[in-house]
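Shown here: coords_21.txt, compact mmCIF, C-alpha atoms.
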```txt
# COMPACT_ATOMS: atom_id res chain seq x y z
CA MET A 76 118.83 93.53 53.72
CA LEU A 77 117.38 95.32 56.73
CA SER A 78 114.19 97.28 56.19
CA PHE A 79 113.88 100.95 57.11
CA ILE A 80 111.84 100.17 60.22
CA SER A 81 114.36 97.54 61.37
CA ILE A 82 117.18 100.06 61.06
CA PHE A 83 115.11 102.71 62.81
CA ASN A 84 114.24 100.41 65.73
CA LEU A 85 117.90 99.38 66.00
CA ILE A 86 118.92 103.05 66.21
CA ILE A 87 116.33 103.70 68.93
CA PHE A 88 117.62 100.66 70.85
CA ILE A 89 121.22 101.92 70.58
CA ILE A 90 120.20 105.41 71.78
CA PHE A 91 118.30 103.85 74.70
CA THR A 92 121.39 101.82 75.56
CA CYS A 93 123.63 104.89 75.43
CA PHE A 94 121.38 106.82 77.78
CA TYR A 95 120.71 104.03 80.26
CA SER A 96 123.76 101.76 80.17
CA TYR A 97 125.02 103.30 83.42
CA GLN A 98 122.02 101.74 85.17
CA ILE A 99 123.42 98.31 84.24
CA PHE A 100 126.54 99.38 86.13
CA TYR A 101 124.26 100.39 89.02
CA VAL A 102 122.99 96.79 89.19
CA PHE A 103 126.52 95.44 89.66
CA VAL A 104 127.28 98.14 92.22
CA ALA A 105 124.28 97.04 94.30
CA LEU A 106 124.98 93.32 93.86
CA PHE A 107 128.63 93.43 94.88
CA ASN A 108 128.70 96.22 97.44
CA LYS A 109 127.07 96.54 100.81
CA GLY A 110 124.92 99.57 101.39
CA LYS A 111 126.30 102.35 103.55
CA ASN A 112 125.77 102.11 107.30
CA PHE A 113 125.88 105.11 109.63
CA ASN A 114 125.89 105.76 113.35
CA ALA A 115 124.23 108.72 115.06
CA LEU A 116 125.79 110.77 117.83
CA LYS A 117 122.52 112.58 118.54
CA ASN A 118 118.79 111.95 118.39
CA HIS A 119 117.23 114.87 116.56
CA LYS A 120 113.74 116.29 116.96
CA TYR A 121 111.33 115.66 114.09
CA ALA A 122 107.78 116.28 112.99
CA VAL A 123 105.88 113.79 110.84
CA VAL A 124 103.68 115.44 108.20
CA ILE A 125 100.90 113.40 106.57
CA ALA A 126 98.75 114.82 103.78
CA ALA A 127 95.41 112.98 103.85
CA ARG A 128 92.21 113.28 101.87
CA ASN A 129 89.38 110.97 102.91
CA GLU A 130 91.77 108.42 104.45
CA SER A 131 89.80 107.47 107.56
CA ALA A 132 90.12 103.75 106.73
CA VAL A 133 93.92 103.58 106.93
CA ILE A 134 95.39 106.61 108.68
CA ALA A 135 95.06 105.26 112.22
CA GLN A 136 97.32 102.30 111.43
CA LEU A 137 100.03 104.61 110.09
CA ILE A 138 99.88 106.74 113.23
CA LYS A 139 100.09 103.61 115.39
CA SER A 140 103.18 102.43 113.51
CA ILE A 141 104.77 105.85 114.09
CA LYS A 142 103.98 105.70 117.81
CA LYS A 143 105.63 102.26 118.01
CA GLN A 144 108.97 103.57 116.73
CA ASN A 145 112.16 102.66 118.59
CA TYR A 146 112.85 106.35 119.04
CA PRO A 147 112.22 108.78 121.94
CA SER A 148 108.56 109.76 121.69
CA GLU A 149 109.25 113.27 122.98
CA LEU A 150 111.36 113.88 119.85
CA LEU A 151 108.67 112.86 117.39
CA ASP A 152 105.41 114.77 116.83
CA ILE A 153 102.73 113.77 114.33
CA TYR A 154 100.74 116.21 112.19
CA VAL A 155 97.98 115.37 109.73
CA VAL A 156 96.66 117.75 107.09
CA ALA A 157 93.05 116.74 106.55
CA ASP A 158 92.88 118.19 103.05
CA ASN A 159 89.41 118.88 101.62
CA CYS A 160 88.05 115.84 103.46
CA THR A 161 84.40 114.86 103.29
CA ASP A 162 84.77 111.99 105.77
CA ASN A 163 85.98 111.79 109.38
CA THR A 164 89.72 111.60 108.64
CA ALA A 165 90.42 114.49 111.01
CA ALA A 166 88.54 112.88 113.90
CA VAL A 167 90.18 109.48 113.34
CA ALA A 168 93.65 111.07 113.21
CA LYS A 169 93.04 113.04 116.41
CA LYS A 170 91.81 109.93 118.21
CA ALA A 171 94.90 108.02 117.10
CA GLY A 172 97.12 110.72 118.61
CA ALA A 173 97.99 113.15 115.82
CA LYS A 174 97.66 116.91 115.76
CA VAL A 175 95.42 117.93 112.87
CA PHE A 176 95.30 120.85 110.46
CA GLU A 177 92.08 121.00 108.47
CA ARG A 178 92.33 122.62 105.05
CA PHE A 179 89.52 123.51 102.65
CA ASN A 180 90.61 124.94 99.31
CA LYS A 181 88.95 123.75 96.08
CA GLN A 182 91.15 125.90 93.83
CA LEU A 183 94.61 124.83 95.00
CA VAL A 184 94.24 121.05 95.06
CA GLY A 185 96.98 118.47 95.53
CA LYS A 186 99.54 117.07 97.92
CA GLY A 187 102.01 119.90 97.32
CA TYR A 188 99.53 122.53 98.50
CA ALA A 189 98.60 120.44 101.54
CA LEU A 190 102.26 120.07 102.51
CA ASP A 191 102.83 123.79 102.05
CA TYR A 192 99.87 124.53 104.34
CA ALA A 193 101.30 122.25 107.03
CA PHE A 194 104.87 123.53 106.81
CA LYS A 195 103.81 127.18 106.92
CA ASN A 196 101.78 126.47 110.06
CA LEU A 197 104.70 124.63 111.67
CA ILE A 198 107.16 127.40 110.82
CA LYS A 199 104.84 129.95 112.40
CA GLY A 200 104.54 127.79 115.48
CA ASN A 201 108.32 127.86 116.11
CA LYS A 202 108.41 124.29 117.39
CA CYS A 203 112.14 124.02 116.65
CA TYR A 204 112.02 120.81 114.64
CA GLU A 205 115.26 119.85 112.93
CA GLY A 206 113.60 117.83 110.19
CA TYR A 207 110.28 116.62 108.79
CA PHE A 208 109.16 113.18 107.67
CA VAL A 209 106.62 113.09 104.84
CA PHE A 210 104.29 110.10 104.49
CA ASP A 211 101.05 109.22 102.72
CA ALA A 212 98.13 108.06 104.83
CA ASP A 213 98.27 104.48 103.52
CA ASN A 214 101.88 103.96 104.66
CA LEU A 215 103.14 101.73 107.46
CA LEU A 216 106.60 101.99 109.04
CA ASP A 217 109.04 99.40 110.31
CA GLU A 218 109.69 100.05 114.01
CA ASN A 219 113.28 101.17 113.33
CA TYR A 220 112.39 103.54 110.49
CA VAL A 221 112.97 106.84 112.31
CA SER A 222 116.10 105.70 114.17
CA GLU A 223 117.71 104.52 110.91
CA MET A 224 116.83 107.73 109.07
CA ASN A 225 118.18 109.72 112.01
CA LYS A 226 121.59 108.06 111.52
CA VAL A 227 121.83 109.32 107.94
CA PHE A 228 120.53 112.77 108.89
CA ASP A 229 123.06 113.02 111.72
CA ASN A 230 125.81 112.43 109.15
CA GLY A 231 124.98 115.56 107.20
CA TYR A 232 122.29 114.67 104.65
CA LYS A 233 119.50 117.24 104.55
CA ILE A 234 117.12 115.21 102.37
CA ILE A 235 116.81 111.43 102.70
CA THR A 236 114.63 108.83 101.03
CA SER A 237 114.01 105.26 102.17
CA TYR A 238 113.33 101.66 101.13
CA ARG A 239 109.83 101.38 99.68
CA ASN A 240 108.00 98.06 99.99
CA SER A 241 104.30 97.25 99.48
CA LYS A 242 101.35 96.19 101.62
CA ASN A 243 99.55 94.44 98.76
CA TYR A 244 102.14 93.06 96.35
CA ASP A 245 100.14 89.93 95.57
CA THR A 246 96.69 91.45 94.91
CA ASN A 247 97.12 91.34 91.12
CA TRP A 248 99.52 92.10 88.25
CA LEU A 249 99.07 95.85 88.72
CA THR A 250 100.05 95.94 92.39
CA ALA A 251 102.96 93.60 91.70
CA GLY A 252 104.08 95.80 88.81
CA TYR A 253 104.14 98.92 90.98
CA SER A 254 105.85 97.03 93.80
CA LEU A 255 108.63 95.57 91.66
CA TRP A 256 109.30 98.98 90.15
CA PHE A 257 109.62 100.63 93.59
CA LEU A 258 111.76 97.78 94.94
CA ARG A 259 114.05 98.11 91.93
CA GLU A 260 114.18 101.88 92.39
CA ALA A 261 115.23 101.47 96.01
CA LYS A 262 117.73 98.63 95.56
CA TYR A 263 119.24 99.28 92.14
CA LEU A 264 118.93 103.03 91.73
CA ASN A 265 118.95 104.89 95.06
CA ASN A 266 121.06 102.29 96.88
CA SER A 267 123.68 102.35 94.10
CA ARG A 268 123.64 106.13 93.95
CA MET A 269 124.28 106.27 97.69
CA ILE A 270 127.17 103.80 97.45
CA LEU A 271 128.70 105.85 94.63
CA ASN A 272 128.17 109.09 96.55
CA THR A 273 125.92 110.69 93.95
CA GLY A 274 122.43 112.06 94.56
CA CYS A 275 119.25 109.99 94.94
CA ALA A 276 115.63 110.67 93.94
CA ILE A 277 112.49 111.15 96.02
CA SER A 278 109.66 108.84 95.03
CA GLY A 279 106.33 110.09 96.29
CA THR A 280 106.41 109.11 99.93
CA GLY A 281 108.75 107.99 102.69
CA PHE A 282 111.30 110.77 102.85
CA MET A 283 112.72 113.33 105.24
CA VAL A 284 113.74 116.94 104.66
CA SER A 285 115.57 119.28 107.01
CA ASP A 286 113.97 122.31 108.60
CA GLU A 287 116.72 124.41 107.01
CA ILE A 288 115.53 123.58 103.50
CA ILE A 289 111.85 124.02 104.35
CA ARG A 290 112.56 127.47 105.77
CA LYS A 291 114.76 128.39 102.80
CA ASN A 292 111.90 127.46 100.48
CA ASN A 293 109.35 129.21 102.74
CA GLY A 294 107.35 126.00 103.01
CA TRP A 295 106.75 123.58 100.15
CA LYS A 296 107.05 125.44 96.86
CA HIS A 297 106.65 122.51 94.46
CA HIS A 298 103.14 122.25 93.03
CA LEU A 299 103.42 120.44 89.69
CA LEU A 300 101.55 117.15 89.25
CA THR A 301 104.64 115.22 90.38
CA GLU A 302 105.77 117.39 93.27
CA ASP A 303 108.24 114.69 94.42
CA ILE A 304 110.28 114.61 91.21
CA GLU A 305 110.06 118.41 90.94
CA PHE A 306 111.54 118.67 94.44
CA THR A 307 114.27 116.20 93.42
CA ILE A 308 115.22 118.09 90.25
CA ASP A 309 115.18 121.45 92.03
CA SER A 310 117.44 120.02 94.74
CA ALA A 311 119.85 118.61 92.16
CA LEU A 312 120.08 121.96 90.38
CA HIS A 313 120.88 123.66 93.69
CA GLY A 314 123.59 121.13 94.49
CA GLU A 315 121.68 119.49 97.35
CA LYS A 316 122.55 115.80 97.38
CA ILE A 317 119.68 113.53 98.43
CA GLY A 318 120.66 110.56 100.57
CA TYR A 319 119.19 107.07 100.87
CA CYS A 320 118.60 104.85 103.90
CA GLY A 321 118.03 101.22 102.93
CA ASN A 322 117.51 100.16 106.55
CA ALA A 323 114.46 102.43 106.89
CA VAL A 324 111.60 100.34 105.51
CA LEU A 325 108.21 101.75 104.52
CA TYR A 326 105.18 99.87 103.18
CA ASP A 327 102.52 101.50 101.02
CA GLU A 328 99.38 100.42 99.20
CA GLN A 329 99.31 100.13 95.41
CA PRO A 330 96.21 100.67 93.21
CA TYR A 331 94.65 97.39 92.08
CA LEU A 332 91.96 98.75 89.73
CA PHE A 333 93.12 99.59 86.23
CA LYS A 334 91.09 102.81 86.06
CA GLN A 335 92.70 104.12 89.25
CA SER A 336 96.12 103.04 88.04
CA TRP A 337 95.54 104.71 84.66
CA ASN A 338 94.53 108.01 86.27
CA GLN A 339 97.44 107.95 88.70
CA ARG A 340 100.07 107.18 86.06
CA LEU A 341 98.47 109.64 83.63
CA ARG A 342 99.11 112.31 86.26
CA TRP A 343 102.67 111.05 86.72
CA ALA A 344 103.37 111.13 82.97
CA LYS A 345 101.91 114.63 82.61
CA GLY A 346 103.89 115.69 85.66
CA PHE A 347 107.13 114.47 84.08
CA TYR A 348 106.38 116.58 81.01
CA GLN A 349 105.70 119.57 83.26
CA VAL A 350 108.94 119.09 85.18
CA PHE A 351 110.96 118.80 81.97
CA ALA A 352 109.30 121.91 80.53
CA LYS A 353 110.12 123.90 83.67
CA TYR A 354 113.58 122.56 84.51
CA GLY A 355 114.82 120.73 81.40
CA ILE A 356 116.99 123.50 79.92
CA ASN A 357 118.65 124.26 83.26
CA LEU A 358 119.17 120.55 83.86
CA ILE A 359 120.90 120.09 80.51
CA LYS A 360 123.04 123.19 81.11
CA ALA A 361 124.09 121.89 84.54
CA ILE A 362 125.23 118.59 83.01
CA PHE A 363 127.87 120.46 80.99
CA THR A 364 128.62 123.62 82.99
CA LYS A 365 128.77 121.89 86.38
CA ARG A 366 129.87 118.53 84.94
CA SER A 367 127.18 117.07 87.14
CA PHE A 368 126.50 113.36 86.76
CA TYR A 369 123.71 113.79 89.31
CA CYS A 370 121.94 116.19 86.93
CA TYR A 371 122.50 113.77 84.03
CA ASP A 372 121.01 110.95 86.09
CA MET A 373 117.95 113.06 86.90
CA PHE A 374 117.62 114.19 83.27
CA VAL A 375 117.59 110.56 82.15
CA THR A 376 115.03 109.81 84.87
CA ILE A 377 112.44 112.31 83.63
CA MET A 378 112.70 112.46 79.86
CA PRO A 379 114.62 110.27 77.32
CA ALA A 380 112.58 107.09 77.86
CA LEU A 381 109.27 108.92 77.36
CA PHE A 382 110.56 110.91 74.40
CA LEU A 383 112.19 107.96 72.61
CA THR A 384 109.17 105.74 73.23
CA LEU A 385 106.80 108.32 71.73
CA ILE A 386 109.03 108.72 68.65
CA SER A 387 109.34 104.96 68.25
CA VAL A 388 105.60 104.34 68.55
CA GLY A 389 104.82 107.20 66.16
CA VAL A 390 107.24 106.04 63.44
CA ASN A 391 106.31 102.36 63.79
CA LEU A 392 102.59 103.11 63.54
CA THR A 393 103.15 105.39 60.55
CA VAL A 394 105.18 102.79 58.66
CA PHE A 395 102.65 100.10 59.58
CA SER A 396 99.79 102.26 58.26
CA VAL A 397 101.67 102.95 55.01
CA SER A 398 102.42 99.26 54.52
CA LEU A 399 98.78 98.38 55.24
CA ILE A 400 97.50 100.88 52.67
CA ASN A 401 99.97 99.65 50.04
CA ILE A 402 99.87 95.96 50.89
CA GLU A 403 98.90 94.92 47.36
CA ILE A 404 101.70 96.96 45.79
CA TYR A 405 104.40 96.24 48.39
CA PRO A 406 103.43 92.97 50.14
CA GLN A 407 106.94 92.54 51.55
CA LEU A 408 106.77 95.92 53.29
CA MET A 409 103.98 94.70 55.59
CA GLU A 410 105.88 91.53 56.44
CA GLN A 411 109.07 93.46 57.19
CA THR A 412 107.23 96.05 59.26
CA VAL A 413 105.32 93.55 61.40
CA GLY A 414 108.50 91.50 61.88
CA ALA A 415 110.47 94.55 63.00
CA ILE A 416 107.76 95.68 65.42
CA VAL A 417 107.40 92.19 66.93
CA LEU A 418 111.17 91.88 67.34
CA SER A 419 111.34 95.27 69.03
CA VAL A 420 108.56 94.31 71.46
CA ILE A 421 110.25 90.97 72.24
CA ASN A 422 113.59 92.67 72.91
CA SER A 423 111.92 95.19 75.23
CA TYR A 424 110.05 92.41 77.03
CA ILE A 425 113.28 90.46 77.62
CA VAL A 426 115.09 93.50 79.06
CA LEU A 427 112.19 94.29 81.42
CA PHE A 428 111.80 90.62 82.35
CA ILE A 429 115.47 90.43 83.36
CA MET A 430 115.02 93.61 85.38
CA GLY A 431 112.04 92.10 87.22
CA LEU A 432 113.80 88.75 87.64
CA ILE A 433 116.91 90.23 89.27
CA THR A 434 114.80 92.39 91.59
CA THR A 435 112.58 89.47 92.59
CA ILE A 436 115.52 87.16 93.32
CA THR A 437 117.48 89.64 95.42
CA GLU A 438 114.44 91.05 97.26
CA TRP A 439 112.73 87.65 97.58
CA LYS A 440 112.55 87.68 101.40
CA ASN A 441 111.11 91.20 101.43
CA ILE A 442 108.26 90.45 99.03
CA ASN A 443 105.01 89.58 100.81
CA SER A 444 103.61 86.98 98.44
CA SER A 445 103.43 83.26 97.74
CA PHE A 446 106.15 81.47 95.76
CA ARG A 447 103.80 80.97 92.80
CA LYS A 448 102.79 84.61 92.59
CA LYS A 449 106.35 85.86 92.93
CA ILE A 450 107.25 83.82 89.83
CA LYS A 451 104.04 84.67 87.99
CA TYR A 452 104.40 88.42 88.37
CA ILE A 453 107.92 88.45 86.95
CA PHE A 454 106.28 87.61 83.61
CA SER A 455 103.60 90.29 83.92
CA PHE A 456 106.03 93.02 84.99
CA PRO A 457 107.02 93.93 81.40
CA ILE A 458 103.33 94.15 80.47
CA PHE A 459 102.77 96.57 83.35
CA ILE A 460 105.59 98.77 82.02
CA PHE A 461 104.22 98.51 78.45
CA THR A 462 100.95 100.07 79.64
CA TYR A 463 102.90 103.30 80.18
CA VAL A 464 103.09 103.69 76.37
CA PRO A 465 99.42 104.60 75.79
CA ILE A 466 99.40 106.52 79.08
CA SER A 467 102.36 108.66 77.93
CA ILE A 468 100.72 109.31 74.58
CA VAL A 469 97.42 110.38 76.14
CA ALA A 470 99.25 112.57 78.68
CA LEU A 471 101.12 114.36 75.87
CA PHE A 472 98.03 115.15 73.80
CA LYS A 473 95.45 115.52 76.57
CA PHE A 474 94.85 119.26 76.63
CA LYS A 475 92.09 119.06 79.22
CA LYS A 476 93.58 119.79 82.62
CA ILE A 477 94.80 116.69 84.42
CA GLU A 478 94.26 117.09 88.15
CA TRP A 479 95.35 115.26 91.25
CA GLN A 480 92.75 112.65 92.17
CA PRO A 481 92.70 110.69 95.43
CA ILE A 482 93.27 106.92 95.32
CA THR A 483 90.93 104.88 97.49
CA HIS A 484 92.96 102.98 100.11
CA SER A 485 91.35 100.02 101.82
CA ILE A 486 94.13 97.67 103.01
CA VAL A 487 93.62 97.90 106.77
CA LYS A 488 96.54 95.97 108.25
CA THR A 489 98.89 96.53 111.14
CA ILE A 490 102.64 96.67 110.66
CA GLU A 491 102.86 93.38 112.55
CA GLU A 492 100.53 91.66 110.08
CA ILE A 493 102.54 92.94 107.13
CA GLN A 494 105.85 91.76 108.57
CA GLN A 495 104.71 88.31 109.70
```
Please express what this file holds, its structure, as structure tokens.
Amino acid sequence: MLSFISIFNLIIFIIFTCFYSYQIFYVFVALFNKGKNFNALKNHKYAVVIAARNESAVIAQLIKSIKKQNYPSELLDIYVVADNCTDNTAAVAKKAGAKVFERFNKQLVGKGYALDYAFKNLIKGNKCYEGYFVFDADNLLDENYVSEMNKVFDNGYKIITSYRNSKNYDTNWLTAGYSLWFLREAKYLNNSRMILNTGCAISGTGFMVSDEIIRKNNGWKHHLLTEDIEFTIDSALHGEKIGYCGNAVLYDEQPYLFKQSWNQRLRWAKGFYQVFAKYGINLIKAIFTKRSFYCYDMFVTIMPALFLTLISVGVNLTVFSVSLINIEIYPQLMEQTVGAIVLSVINSYIVLFIMGLITTITEWKNINSSFRKKIKYIFSFPIFIFTYVPISIVALFKFKKIEWQPITHSIVKTIEEIQQ
């Protein structure tokens, strides 16, 4: 006879499956269909906007990779927002060939405010850009990045995201965990969404947005802790379909210290709660009133996994505590509880392992790492995802304000070194 906790964990697993089974379909879509290819009839004029805070070590390499683009240089201007910098980021960016806005505001802190400052200055300047690329200072671009994104933009998409790879996949299990997650997101989420003609999601960096949308929003109006997902949800609610360009390849640097990773993902988790609190009701309404699968997809992206995980952890810990207190009276209860929890963890590990395995096999040539480490980090990928559990719990109950904190970037490599 199944114990209460076994039945409960089975129910949670079934609910998870109901919410996320469509992503299994996404995997088959990506495996058995080629990504969309476009041609451009016109080269459009763009501005690159880079929000940077104390990024003097890496920003010059990003600017160099932008200047090496296979795209007319007169149609591509580079702007850096040196945001509350205490180093020489502004001077390094200017020397590398960027135009620099310096911003000093200790009250309104974060990437969203820096982007807003840049866009408002560009709008005032009337430079007549048709679109804006948004990058982080640690990024590097493949030489065909802009030309490939231009093809998708020329075919009517006003917001476009790209393929996100990593500069330091093989540093340790943390950087590999981030990298596999972003590779999976590009290949098996955004790529499949694009093939199926539904909307995609912005993930932090490496995207383009039209001047029309920036002007309509009077700059960058999204200032929650996860401004990227807030922008995505807001776009979905307004019926603006985000496109994906798998041929536009970007490399970024992942945190390799656990403290930095904890702080970053704590901000992400809190940001997801904020986005759901602000947009959740409207998102749920749109699923039914607009019959929008795009809104359902975005709803599933920001909430059910966090919510179900918190409920599962809470109930399992409660039952475990009760069984521990009453172990002499109900010795079988402890055995059943521990067995159910272990089985649940094993099942979750297997699902995540398969996810990492499929991503590693299909993206093998794109992963900058040795054979041994590629195999090794498939096994640590589920552990990386498991660390989100305590992070999500702390984010939910942490009443002290969680603020944006800069991540130290130190991988100084050229795009040529990364792609060797």
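Using only C-alpha atoms, the smallest distance between any of A:Leu385, A:Ile270, A:Met283, A:Ile377 and Asn108 (chain A) comes from A:Ile270.
Comparing the minimum interatomic distances between Pro457 (chain A) and each of A:Ile482, A:Ala344, A:Leu249, A:Leu271, counting all atoms listed in the file, we find that A:Leu249 sits nearest.
Of the listed residues A:Gly355, A:Pro465, A:Pro330, A:Gly172, the one whose atoms come nearest to Ser485 (chain A) is A:Pro330, with distances taken using all atoms listed in the file.
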(request) Tell me, as a PyMOL selection string, which residues lie within 7 Å of Ala189 (chain A), counting all atoms listed in the file; anything in the same chain fewer than 2 positions away does not count. (result) chain A and resi 126+156+158+185-187+191-193
Non-local contacts of region 475-480 of chain A (10 Å; only C-alpha atoms; under 5 positions in same chain excluded) as a PDB file with C-alpha atoms, in the frame of the given file:
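Generated file (result.pdb):
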```pdb
ATOM      1  CA  ARG A 128      92.210 113.280 101.870  1.00  0.00           C
ATOM      2  CA  VAL A 184      94.240 121.050  95.060  1.00  0.00           C
ATOM      3  CA  GLY A 185      96.980 118.470  95.530  1.00  0.00           C
ATOM      4  CA  LYS A 186      99.540 117.070  97.920  1.00  0.00           C
ATOM      5  CA  LEU A 299     103.420 120.440  89.690  1.00  0.00           C
ATOM      6  CA  LEU A 300     101.550 117.150  89.250  1.00  0.00           C
ATOM      7  CA  THR A 301     104.640 115.220  90.380  1.00  0.00           C
ATOM      8  CA  GLN A 335      92.700 104.120  89.250  1.00  0.00           C
ATOM      9  CA  ASN A 338      94.530 108.010  86.270  1.00  0.00           C
ATOM     10  CA  GLN A 339      97.440 107.950  88.700  1.00  0.00           C
ATOM     11  CA  LEU A 341      98.470 109.640  83.630  1.00  0.00           C
ATOM     12  CA  ARG A 342      99.110 112.310  86.260  1.00  0.00           C
ATOM     13  CA  TRP A 343     102.670 111.050  86.720  1.00  0.00           C
ATOM     14  CA  LYS A 345     101.910 114.630  82.610  1.00  0.00           C
ATOM     15  CA  GLY A 346     103.890 115.690  85.660  1.00  0.00           C
ATOM     16  CA  ALA A 470      99.250 112.570  78.680  1.00  0.00           C
TER      17      ALA A 470
END
```
(message) Rounded to one decimal, what separation in Å do you get between CA of Val420 (chain A) and CA of Val102 (chain A)?
(response) 23.0 Å
(request) Tell me, in Å to one decimal, how far CA of Leu418 (chain A) is from CA of Leu85 (chain A). (result) 10.2 Å
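With all atoms listed in the file as the atoms that count, the minimum distance from Asn118 (chain A) to the choices A:Gln144, A:Tyr188, A:Lys226, A:Ile198 is reached by A:Lys226.
Between Leu106 (chain A) and the residues A:Ile433, A:Met224, A:Ala132, A:Ile317, the shortest atom-to-atom distance, using all atoms listed in the file, involves A:Ile433.
Minimum atom-to-atom distances from A:Ser148, A:Thr364, A:Gln136, A:Gln329 to Lys170 (chain A) were compared using only C-alpha atoms, and the lowest value belongs to A:Gln136.
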(message) List as a VMD selection string the protein and nucleic acid residues near Ala323 (chain A), meaning an atom at most 6 Å away when all atoms listed in the file are counted, but skip any in the same chain fewer than 5 places from it.
(response) chain A and resid 220 223 237 to 238
Please produce a file of those selected residues containing C-alpha atoms, as a PDB file, in the frame of the given file.
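Written out: selection27.pdb:
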```
ATOM      1  CA  TYR A 220     112.390 103.540 110.490  1.00  0.00           C
ATOM      2  CA  GLU A 223     117.710 104.520 110.910  1.00  0.00           C
ATOM      3  CA  SER A 237     114.010 105.260 102.170  1.00  0.00           C
ATOM      4  CA  TYR A 238     113.330 101.660 101.130  1.00  0.00           C
TER       5      TYR A 238
END
```
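CA of Phe194 (chain A) is found 5.2 Å from CA of Gly294 (chain A).
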(request) Do a neighbour search on Tyr371 (chain A) at 10 Å with all atoms listed in the file, toss out local chain neighbours closer than 6 positions, and write the hits as a PyMOL selection string. (result) chain A and resi 94+311+358-363
(request) Please identify all polymer residues within 7 Å of Glu328 (chain A), counting only C-alpha atoms, omitting same-chain residues fewer than 5 positions from it, and present them as a list in words. (result) Asp213, Asn214, Ser241, Lys242, Asn243 and His484 of chain A
Using C-alpha atoms, can you export the residues from the last selection as a JSON list (two decimals), keeping the file's coordinate frame?
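Full text of result_27.json as output:
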```
[["chain", "number", "residue", "atom", "x", "y", "z"],
["A", 213, "ASP", "CA", 98.27, 104.48, 103.52],
["A", 214, "ASN", "CA", 101.88, 103.96, 104.66],
["A", 241, "SER", "CA", 104.30, 97.25, 99.48],
["A", 242, "LYS", "CA", 101.35, 96.19, 101.62],
["A", 243, "ASN", "CA", 99.55, 94.44, 98.76],
["A", 484, "HIS", "CA", 92.96, 102.98, 100.11]]
```
